[in-house]
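Novice: Sharing my_file.txt below, compact mmCIF, C-alpha atoms (C1' of nucleotides):
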# COMPACT_ATOMS: atom_id res chain seq x y z
CA MET A 46 -32.01 -7.19 10.73
CA ASN A 47 -29.24 -9.37 9.53
CA LYS A 48 -25.81 -7.91 9.60
CA PRO A 49 -24.23 -8.01 6.15
CA ALA A 50 -21.42 -10.50 5.72
CA LYS A 51 -17.96 -9.11 6.16
CA GLN A 52 -16.24 -7.92 3.06
CA PRO A 53 -13.14 -9.86 2.09
CA ALA A 54 -10.16 -7.82 3.19
CA ASN A 55 -8.57 -7.91 -0.25
CA SER A 56 -5.19 -7.26 1.22
CA ASN A 57 -2.22 -8.14 -0.84
CA ARG A 58 -0.04 -7.50 2.08
CA SER A 59 -0.95 -9.17 5.34
CA PRO A 60 -3.91 -10.10 7.53
CA CYS A 61 -3.15 -7.19 9.86
CA PRO A 62 -6.37 -5.17 10.24
CA VAL A 63 -4.51 -1.86 10.01
CA ALA A 64 -2.92 -2.99 6.73
CA CYS A 65 -6.27 -4.19 5.43
CA THR A 66 -7.95 -0.92 6.38
CA LEU A 67 -5.19 1.07 4.70
CA ASP A 68 -5.65 -0.95 1.53
CA ILE A 69 -9.09 0.66 1.39
CA VAL A 70 -8.61 4.14 2.79
CA GLY A 71 -4.84 4.68 2.52
CA ASP A 72 -4.79 7.49 0.02
CA LYS A 73 -5.32 11.21 0.22
CA TRP A 74 -8.88 11.45 -1.04
CA THR A 75 -11.02 8.54 0.17
CA LEU A 76 -11.45 9.70 3.75
CA LEU A 77 -12.13 13.24 2.54
CA VAL A 78 -15.09 11.95 0.57
CA VAL A 79 -16.27 10.13 3.70
CA ARG A 80 -15.75 13.35 5.67
CA ASP A 81 -18.03 15.18 3.26
CA LEU A 82 -20.70 12.51 3.65
CA PHE A 83 -20.56 13.05 7.40
CA SER A 84 -21.01 16.75 6.87
CA GLY A 85 -24.23 16.09 4.97
CA LYS A 86 -23.10 16.09 1.37
CA LYS A 87 -24.83 13.50 -0.79
CA THR A 88 -24.41 14.27 -4.50
CA TYR A 89 -21.56 14.29 -6.93
CA SER A 90 -21.58 18.07 -7.37
CA GLN A 91 -21.67 18.67 -3.63
CA PHE A 92 -18.47 16.62 -3.30
CA GLN A 93 -16.95 18.58 -6.15
CA ASN A 94 -17.64 21.81 -4.33
CA SER A 95 -15.53 20.91 -1.33
CA PRO A 96 -12.66 23.30 -0.72
CA GLU A 97 -10.04 20.79 -1.82
CA LYS A 98 -11.37 20.66 -5.41
CA ILE A 99 -11.00 16.94 -5.90
CA PRO A 100 -10.32 16.06 -9.55
CA THR A 101 -13.43 14.59 -11.13
CA ASN A 102 -11.80 11.37 -12.28
CA ILE A 103 -10.56 10.77 -8.74
CA LEU A 104 -13.99 11.58 -7.24
CA ALA A 105 -15.80 9.22 -9.58
CA ASP A 106 -13.24 6.51 -8.91
CA ARG A 107 -13.40 6.86 -5.15
CA LEU A 108 -17.20 6.87 -5.05
CA LYS A 109 -17.21 3.71 -7.13
CA ARG A 110 -14.75 1.99 -4.82
CA LEU A 111 -16.62 3.08 -1.69
CA VAL A 112 -19.81 1.59 -3.11
CA GLU A 113 -17.96 -1.61 -4.01
CA GLN A 114 -16.60 -1.81 -0.47
CA GLY A 115 -20.08 -1.40 1.04
CA ILE A 116 -19.04 1.79 2.81
CA ILE A 117 -21.65 3.87 0.98
CA ASP A 118 -24.81 3.18 -0.97
CA LYS A 119 -25.85 4.83 -4.20
CA GLN A 120 -29.56 5.49 -4.25
CA PRO A 121 -31.79 7.43 -6.61
CA TYR A 122 -33.24 10.61 -5.17
CA GLN A 123 -34.93 11.93 -8.31
CA SER A 124 -36.28 10.30 -11.40
CA ARG A 125 -36.55 12.95 -14.11
CA PRO A 126 -33.79 12.85 -14.85
CA MET A 127 -32.56 9.91 -12.76
CA ARG A 128 -30.05 11.18 -10.27
CA TYR A 129 -28.33 9.41 -7.45
CA GLU A 130 -27.17 10.35 -4.00
CA TYR A 131 -24.62 8.62 -1.87
CA LEU A 132 -25.34 7.61 1.71
CA LEU A 133 -23.14 6.13 4.40
CA THR A 134 -23.83 2.57 5.42
CA PRO A 135 -23.21 1.42 9.02
CA LYS A 136 -19.78 0.30 7.80
CA GLY A 137 -19.18 3.80 6.54
CA LYS A 138 -20.52 5.46 9.64
CA ALA A 139 -18.05 3.44 11.66
CA LEU A 140 -15.28 5.37 9.92
CA GLY A 141 -16.46 8.39 11.86
CA THR A 142 -14.11 7.53 14.69
CA VAL A 143 -11.19 7.43 12.30
CA LEU A 144 -12.08 10.89 11.02
CA LYS A 145 -12.59 12.19 14.53
CA VAL A 146 -9.19 11.12 15.80
CA MET A 147 -7.45 12.34 12.64
CA LYS A 148 -9.13 15.71 13.06
CA GLU A 149 -8.05 15.91 16.69
CA TRP A 150 -4.50 14.92 15.83
CA GLY A 151 -4.33 17.50 13.07
CA GLU A 152 -5.65 20.26 15.29
CA GLU A 153 -3.20 19.38 18.03
CA TYR A 154 -0.06 18.92 15.97
CA LEU A 155 -0.38 20.75 12.69
CA ASP A 156 -0.26 24.48 12.44
CA GLY A 157 -2.44 26.28 9.98
CA CYS A 158 -5.27 23.86 10.15
CA HIS A 159 -8.57 24.63 11.68
CA SER A 160 -12.03 23.27 11.37
CA ALA A 161 -14.53 25.15 9.37
CA THR A 162 -18.11 24.28 10.13
CA GLN A 163 -18.21 22.94 6.62
CA GLY A 164 -15.40 20.53 7.21
CA ALA A 165 -16.46 19.53 10.67
CA VAL A 166 -16.92 15.89 11.40
CA ARG A 167 -19.81 14.88 13.57
CA LYS A 168 -20.11 11.37 14.86
CA MET B 62 9.68 21.12 29.27
CA ASN B 63 8.63 23.29 26.38
CA LYS B 64 6.26 21.82 23.89
CA PRO B 65 7.72 21.93 20.39
CA ALA B 66 6.10 24.42 18.06
CA LYS B 67 3.43 23.05 15.78
CA GLN B 68 4.60 21.87 12.41
CA PRO B 69 3.23 23.81 9.43
CA ALA B 70 0.46 21.77 7.94
CA ASN B 71 1.93 21.87 4.44
CA SER B 72 -1.41 21.21 2.89
CA ASN B 73 -1.87 22.12 -0.70
CA ARG B 74 -5.50 21.46 -0.36
CA SER B 75 -7.30 23.13 2.50
CA PRO B 76 -6.98 24.06 6.20
CA CYS B 77 -9.22 21.15 7.17
CA PRO B 78 -7.37 19.12 9.83
CA VAL B 79 -8.43 15.84 8.27
CA ALA B 80 -7.04 16.95 4.91
CA CYS B 81 -3.84 18.15 6.55
CA THR B 82 -3.43 14.88 8.43
CA LEU B 83 -4.02 12.89 5.25
CA ASP B 84 -1.34 14.91 3.48
CA ILE B 85 1.05 13.30 5.95
CA VAL B 86 -0.32 9.82 6.53
CA GLY B 87 -2.64 9.30 3.55
CA ASP B 88 -0.81 6.49 1.81
CA LYS B 89 -0.59 2.77 2.32
CA TRP B 90 2.70 2.54 4.14
CA THR B 91 3.24 5.43 6.56
CA LEU B 92 0.87 4.26 9.27
CA LEU B 93 2.23 0.74 8.96
CA VAL B 94 5.67 2.03 9.85
CA VAL B 95 4.13 3.83 12.83
CA ARG B 96 2.33 0.60 13.77
CA ASP B 97 5.64 -1.22 13.83
CA LEU B 98 7.12 1.44 16.07
CA PHE B 99 4.25 0.88 18.48
CA SER B 100 4.96 -2.80 18.44
CA GLY B 101 8.50 -2.15 19.57
CA LYS B 102 10.43 -2.14 16.33
CA LYS B 103 13.20 0.44 16.17
CA THR B 104 15.66 -0.33 13.39
CA TYR B 105 15.55 -0.34 9.63
CA SER B 106 15.92 -4.11 9.35
CA GLN B 107 13.20 -4.72 11.91
CA PHE B 108 10.82 -2.65 9.77
CA GLN B 109 11.92 -4.59 6.73
CA ASN B 110 11.03 -7.83 8.44
CA SER B 111 7.38 -6.94 8.87
CA PRO B 112 5.01 -9.34 7.14
CA GLU B 113 4.09 -6.82 4.46
CA LYS B 114 7.65 -6.68 3.05
CA ILE B 115 7.74 -2.95 2.46
CA PRO B 116 9.98 -2.05 -0.49
CA THR B 117 13.26 -0.59 0.77
CA ASN B 118 13.01 2.63 -1.21
CA ILE B 119 9.56 3.22 0.26
CA LEU B 120 10.73 2.40 3.81
CA ALA B 121 13.68 4.77 3.58
CA ASP B 122 11.47 7.48 2.14
CA ARG B 123 8.78 7.12 4.79
CA LEU B 124 11.26 7.09 7.68
CA LYS B 125 12.81 10.26 6.30
CA ARG B 126 9.43 11.97 6.02
CA LEU B 127 8.38 10.88 9.51
CA VAL B 128 11.56 12.38 10.92
CA GLU B 129 10.98 15.58 8.97
CA GLN B 130 7.45 15.77 10.33
CA GLY B 131 8.63 15.33 13.90
CA ILE B 132 6.64 12.14 14.31
CA ILE B 133 9.75 10.07 15.02
CA ASP B 134 13.32 10.76 16.09
CA LYS B 135 16.41 9.13 14.70
CA GLN B 136 18.94 8.46 17.43
CA PRO B 137 22.20 6.54 17.49
CA TYR B 138 22.09 3.35 19.54
CA GLN B 139 25.55 2.03 18.69
CA SER B 140 28.76 3.67 17.62
CA ARG B 141 30.95 1.01 15.99
CA PRO B 142 29.64 1.09 13.45
CA MET B 143 27.28 4.02 13.95
CA ARG B 144 23.75 2.74 13.81
CA TYR B 145 20.47 4.51 14.35
CA GLU B 146 17.16 3.59 15.81
CA TYR B 147 13.85 5.33 15.34
CA LEU B 148 11.67 6.34 18.26
CA LEU B 149 8.20 7.80 18.42
CA THR B 150 7.91 11.37 19.63
CA PRO B 151 4.80 12.51 21.57
CA LYS B 152 3.44 13.63 18.20
CA GLY B 153 3.97 10.13 16.89
CA LYS B 154 2.55 8.47 19.95
CA ALA B 155 -0.60 10.49 19.47
CA LEU B 156 -1.16 8.57 16.24
CA GLY B 157 -1.81 5.54 18.40
CA THR B 158 -5.47 6.41 18.57
CA VAL B 159 -5.65 6.51 14.78
CA LEU B 160 -4.09 3.06 14.58
CA LYS B 161 -6.36 1.75 17.32
CA VAL B 162 -9.58 2.82 15.63
CA MET B 163 -8.39 1.60 12.21
CA LYS B 164 -7.58 -1.77 13.73
CA GLU B 165 -11.02 -1.97 15.35
CA TRP B 166 -12.72 -0.98 12.13
CA GLY B 167 -10.79 -3.56 10.15
CA GLU B 168 -11.55 -6.32 12.62
CA GLU B 169 -15.24 -5.46 12.62
CA TYR B 170 -15.80 -4.98 8.91
CA LEU B 171 -13.15 -6.81 6.96
CA ASP B 172 -13.04 -10.56 6.69
CA GLY B 173 -9.76 -12.34 6.71
CA CYS B 174 -7.99 -9.90 8.91
CA HIS B 175 -6.94 -10.66 12.39
CA SER B 176 -4.36 -9.31 14.75
CA ALA B 177 -1.19 -11.21 15.24
CA THR B 178 0.59 -10.36 18.43
CA GLN B 179 3.29 -9.00 16.20
CA GLY B 180 0.97 -6.60 14.50
CA ALA B 181 -0.90 -5.60 17.61
CA VAL B 182 -1.17 -1.96 18.46
CA ARG B 183 -0.83 -0.96 22.05
CA LYS B 184 -1.61 2.53 23.15
C1' DC C 11 43.75 -7.98 2.73
C1' DT C 12 38.77 -10.15 1.98
C1' DA C 13 34.10 -11.08 3.38
C1' DT C 14 30.10 -9.63 5.42
C1' DT C 15 26.49 -6.67 6.98
C1' DG C 16 22.90 -3.03 7.64
C1' DG C 17 21.20 0.60 5.45
C1' DC C 18 20.32 2.39 2.03
C1' DT C 19 20.28 4.28 -3.55
C1' DT C 20 19.45 3.54 -8.30
C1' DG C 21 17.32 2.48 -12.82
C1' DC C 22 13.40 1.45 -14.78
C1' DA C 23 8.70 -0.35 -15.74
C1' DA C 24 4.15 -0.14 -14.03
C1' DT C 25 0.68 2.25 -11.90
C1' DT C 26 -1.65 6.15 -10.10
C1' DT C 27 -2.55 10.94 -9.94
C1' DG C 28 -4.32 14.98 -11.68
C1' DC C 29 -5.13 18.59 -15.48
C1' DA C 30 -8.06 19.98 -18.83
C1' DA C 31 -11.07 19.10 -22.16
C1' DG C 32 -14.71 16.66 -23.80
C1' DT C 33 -18.85 13.51 -23.76
C1' DT C 34 -23.36 11.76 -22.54
C1' DA C 35 -28.09 11.50 -21.37
C1' DG C 36 -31.75 13.86 -20.12
C1' DT C 37 -34.44 17.75 -19.54
C1' DG C 38 -36.78 22.48 -20.29
C1' DG C 39 -37.98 26.10 -23.20
C1' DT C 40 -39.31 27.83 -27.51
C1' DA D 249 -38.30 19.65 -33.83
C1' DC D 250 -34.45 22.15 -32.25
C1' DC D 251 -31.34 24.38 -29.03
C1' DA D 252 -29.30 25.34 -24.60
C1' DC D 253 -28.12 23.78 -20.41
C1' DT D 254 -26.87 20.70 -16.63
C1' DA D 255 -25.03 16.96 -13.69
C1' DA D 256 -22.24 13.33 -13.94
C1' DC D 257 -19.10 11.58 -15.54
C1' DT D 258 -14.94 9.74 -19.26
C1' DT D 259 -10.83 10.46 -21.81
C1' DG D 260 -6.06 11.50 -23.26
C1' DC D 261 -2.00 12.52 -21.66
C1' DA D 262 1.89 14.26 -18.82
C1' DA D 263 3.71 14.08 -14.31
C1' DA D 264 4.39 11.86 -10.17
C1' DT D 265 4.60 7.91 -7.35
C1' DT D 266 5.08 3.12 -6.52
C1' DG D 267 7.55 -0.97 -6.37
C1' DC D 268 10.93 -4.59 -8.30
C1' DA D 269 15.37 -6.01 -8.36
C1' DA D 270 19.85 -5.14 -8.33
C1' DG D 271 23.53 -2.82 -6.69
C1' DC D 272 26.28 0.35 -3.73
C1' DC D 273 28.59 2.12 0.41
C1' DA D 274 30.82 2.55 4.72
C1' DA D 275 32.22 0.23 8.39
C1' DT D 276 33.52 -3.63 10.70
C1' DA D 277 35.52 -8.48 11.85
C1' DG D 278 38.74 -11.82 11.01
Take the structure in this file and express it as structure tokens.
Specialist:
Amino acid sequence: MNKPAKQPANSNRSPCPVACTLDIVGDKWTLLVVRDLFSGKKTYSQFQNSPEKIPTNILADRLKRLVEQGIIDKQPYQSRPMRYEYLLTPKGKALGTVLKVMKEWGEEYLDGCHSATQGAVRK
Amino acid sequence: MNKPAKQPANSNRSPCPVACTLDIVGDKWTLLVVRDLFSGKKTYSQFQNSPEKIPTNILADRLKRLVEQGIIDKQPYQSRPMRYEYLLTPKGKALGTVLKVMKEWGEEYLDGCHSATQGAVRK
DNA sequence: CTATTGGCTTGCAATTTGCAAGTTAGTGGT
DNA sequence: ACCACTAACTTGCAAATTGCAAGCCAATAG
């Protein structure tokens, strides 16, 4: 199967891959949505029910951007009424390592944080 | 040597370690400052000279926060006039894996980004 | 004394975040 | 046909953050 073409980096800043990656995921909510996808969540209301209580305008915006970036796909899972679920693409799944090392860093260096099974990241 | 106590997570959101980590590094500039430290930069003007041209109010703010979080130390390197350099602590060095996997993800999935030797992350 | 420098701070406009309420389309039940 | 309900958003607005550009400050050299 053909590998999809690379997305343009869209960086206003530099060609550095860290900078380009941060232009996509460098905010407080995007990687949390990806975390929830890893934990099995697929629908808008499942994301809303995460413990962080993401504001709905932010959730809708981040899902839209993640689809635009090819990190997730939006697919119908029901037709009456039409409803969509969100699924990680290979590009999205590859963010699993980012989540994993952030989780490990947080557990090692930040007090008061601990993994619930709900928030756990599996690669 | 005693390991410093863990920093409080300071998360307003949840005890999830990913969320707590993102409360610290979940913006577009913080990890770029840490990247520059990995590449050997130590002083304010060296950070300013990075290709991304970080705004000076943002740079000052991020350095301050990184010191507060124990991710970097501010130490004098000259006394006339007094000048300071910034050095990664073990806590900061542990972010190297985050930078490494973000770099790899960006190189794999984002077109137009490539590592300059200047921007390279070494662990 | 003046000029220069590194390391910031400041004012302000633009943008983003986030609260809270509201809207929309579609369905099920009566 | 109507009403109630639901999931998935959008909207208006205030607050917060970002970022531009200029300027300031303390300390030094000459």
Novice: Please find the residues of chain C near chain A - the criterion being any atom within 7 Å, counting all atoms listed in the file - and write them as an mmCIF file with C-alpha atoms (C1' of nucleotides), in the coordinates of the input.
Specialist:
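Writing the result to result_32.cif gives the following:
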data_model
loop_
_atom_site.group_PDB
_atom_site.id
_atom_site.type_symbol
_atom_site.label_atom_id
_atom_site.label_comp_id
_atom_site.auth_asym_id
_atom_site.auth_seq_id
_atom_site.Cartn_x
_atom_site.Cartn_y
_atom_site.Cartn_z
ATOM 1 C "C1'" DG C 28 -4.320 14.980 -11.680
ATOM 2 C "C1'" DG C 36 -31.750 13.860 -20.120
ATOM 3 C "C1'" DT C 37 -34.440 17.750 -19.540
#
Novice: Per residue of chain D within 9 Å of chain A, what are the shortest atom pair and its distance in Å to one decimal, counting only C-alpha atoms (C1' of nucleotides), with rows by chain and residue number, as a tab-separated table?
Specialist:
residue	atom	partner	partner_atom	distance
D:DA255	C1'	A:Ser90	CA	7.3
D:DA256	C1'	A:Tyr89	CA	7.1
D:DC257	C1'	A:Ala105	CA	7.2
D:DT258	C1'	A:Asn102	CA	7.8
Novice: For chain B, work out the contacting residues on chain A at 6 Å, counting only C-alpha atoms, and write them as a CSV table (one decimal) with C-alpha atoms, keeping the file's coordinate frame.
Specialist:
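iface.csv, written as the output of this step:
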chain,number,residue,atom,x,y,z
A,51,LYS,CA,-18.0,-9.1,6.2
A,52,GLN,CA,-16.2,-7.9,3.1
A,53,PRO,CA,-13.1,-9.9,2.1
A,54,ALA,CA,-10.2,-7.8,3.2
A,58,ARG,CA,0.0,-7.5,2.1
A,59,SER,CA,-1.0,-9.2,5.3
A,60,PRO,CA,-3.9,-10.1,7.5
A,61,CYS,CA,-3.2,-7.2,9.9
A,62,PRO,CA,-6.4,-5.2,10.2
A,63,VAL,CA,-4.5,-1.9,10.0
A,66,THR,CA,-8.0,-0.9,6.4
A,67,LEU,CA,-5.2,1.1,4.7
A,71,GLY,CA,-4.8,4.7,2.5
A,72,ASP,CA,-4.8,7.5,0.0
A,73,LYS,CA,-5.3,11.2,0.2
A,97,GLU,CA,-10.0,20.8,-1.8
A,143,VAL,CA,-11.2,7.4,12.3
A,146,VAL,CA,-9.2,11.1,15.8
A,147,MET,CA,-7.4,12.3,12.6
A,148,LYS,CA,-9.1,15.7,13.1
A,151,GLY,CA,-4.3,17.5,13.1
A,152,GLU,CA,-5.6,20.3,15.3
A,154,TYR,CA,-0.1,18.9,16.0
A,155,LEU,CA,-0.4,20.8,12.7
A,156,ASP,CA,-0.3,24.5,12.4
A,157,GLY,CA,-2.4,26.3,10.0
A,158,CYS,CA,-5.3,23.9,10.2
A,159,HIS,CA,-8.6,24.6,11.7
A,160,SER,CA,-12.0,23.3,11.4
Novice: For a test of reading the model, state the distance in Å between atom C1' of DA252 of chain D and atom CA of Tyr122 of chain A, rounded to one decimal.
Specialist: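 Atom-to-atom, atom C1' of DA252 of chain D and atom CA of Tyr122 of chain A are spaced 24.7 Å apart.
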Novice: Counting all atoms listed in the file, which residue out of D:DA262, D:DG267, D:DG278, D:DC251 sits closest to DC11 of chain C?
Specialist: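 The answer is D:DG278, which sits nearest to DC11 of chain C.
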Novice: Atom C1' of DG260 of chain D and atom C1' of DA23 of chain C are how many Å apart?
Specialist: 20.4 Å
Novice: Counting all atoms listed in the file, write as a PyMOL selection string all protein and nucleic acid residues lying at most 6 Å from (-24.9, 10.8, 2.6) in the file's frame.
Specialist: chain A and resi 82+85-87+131-133
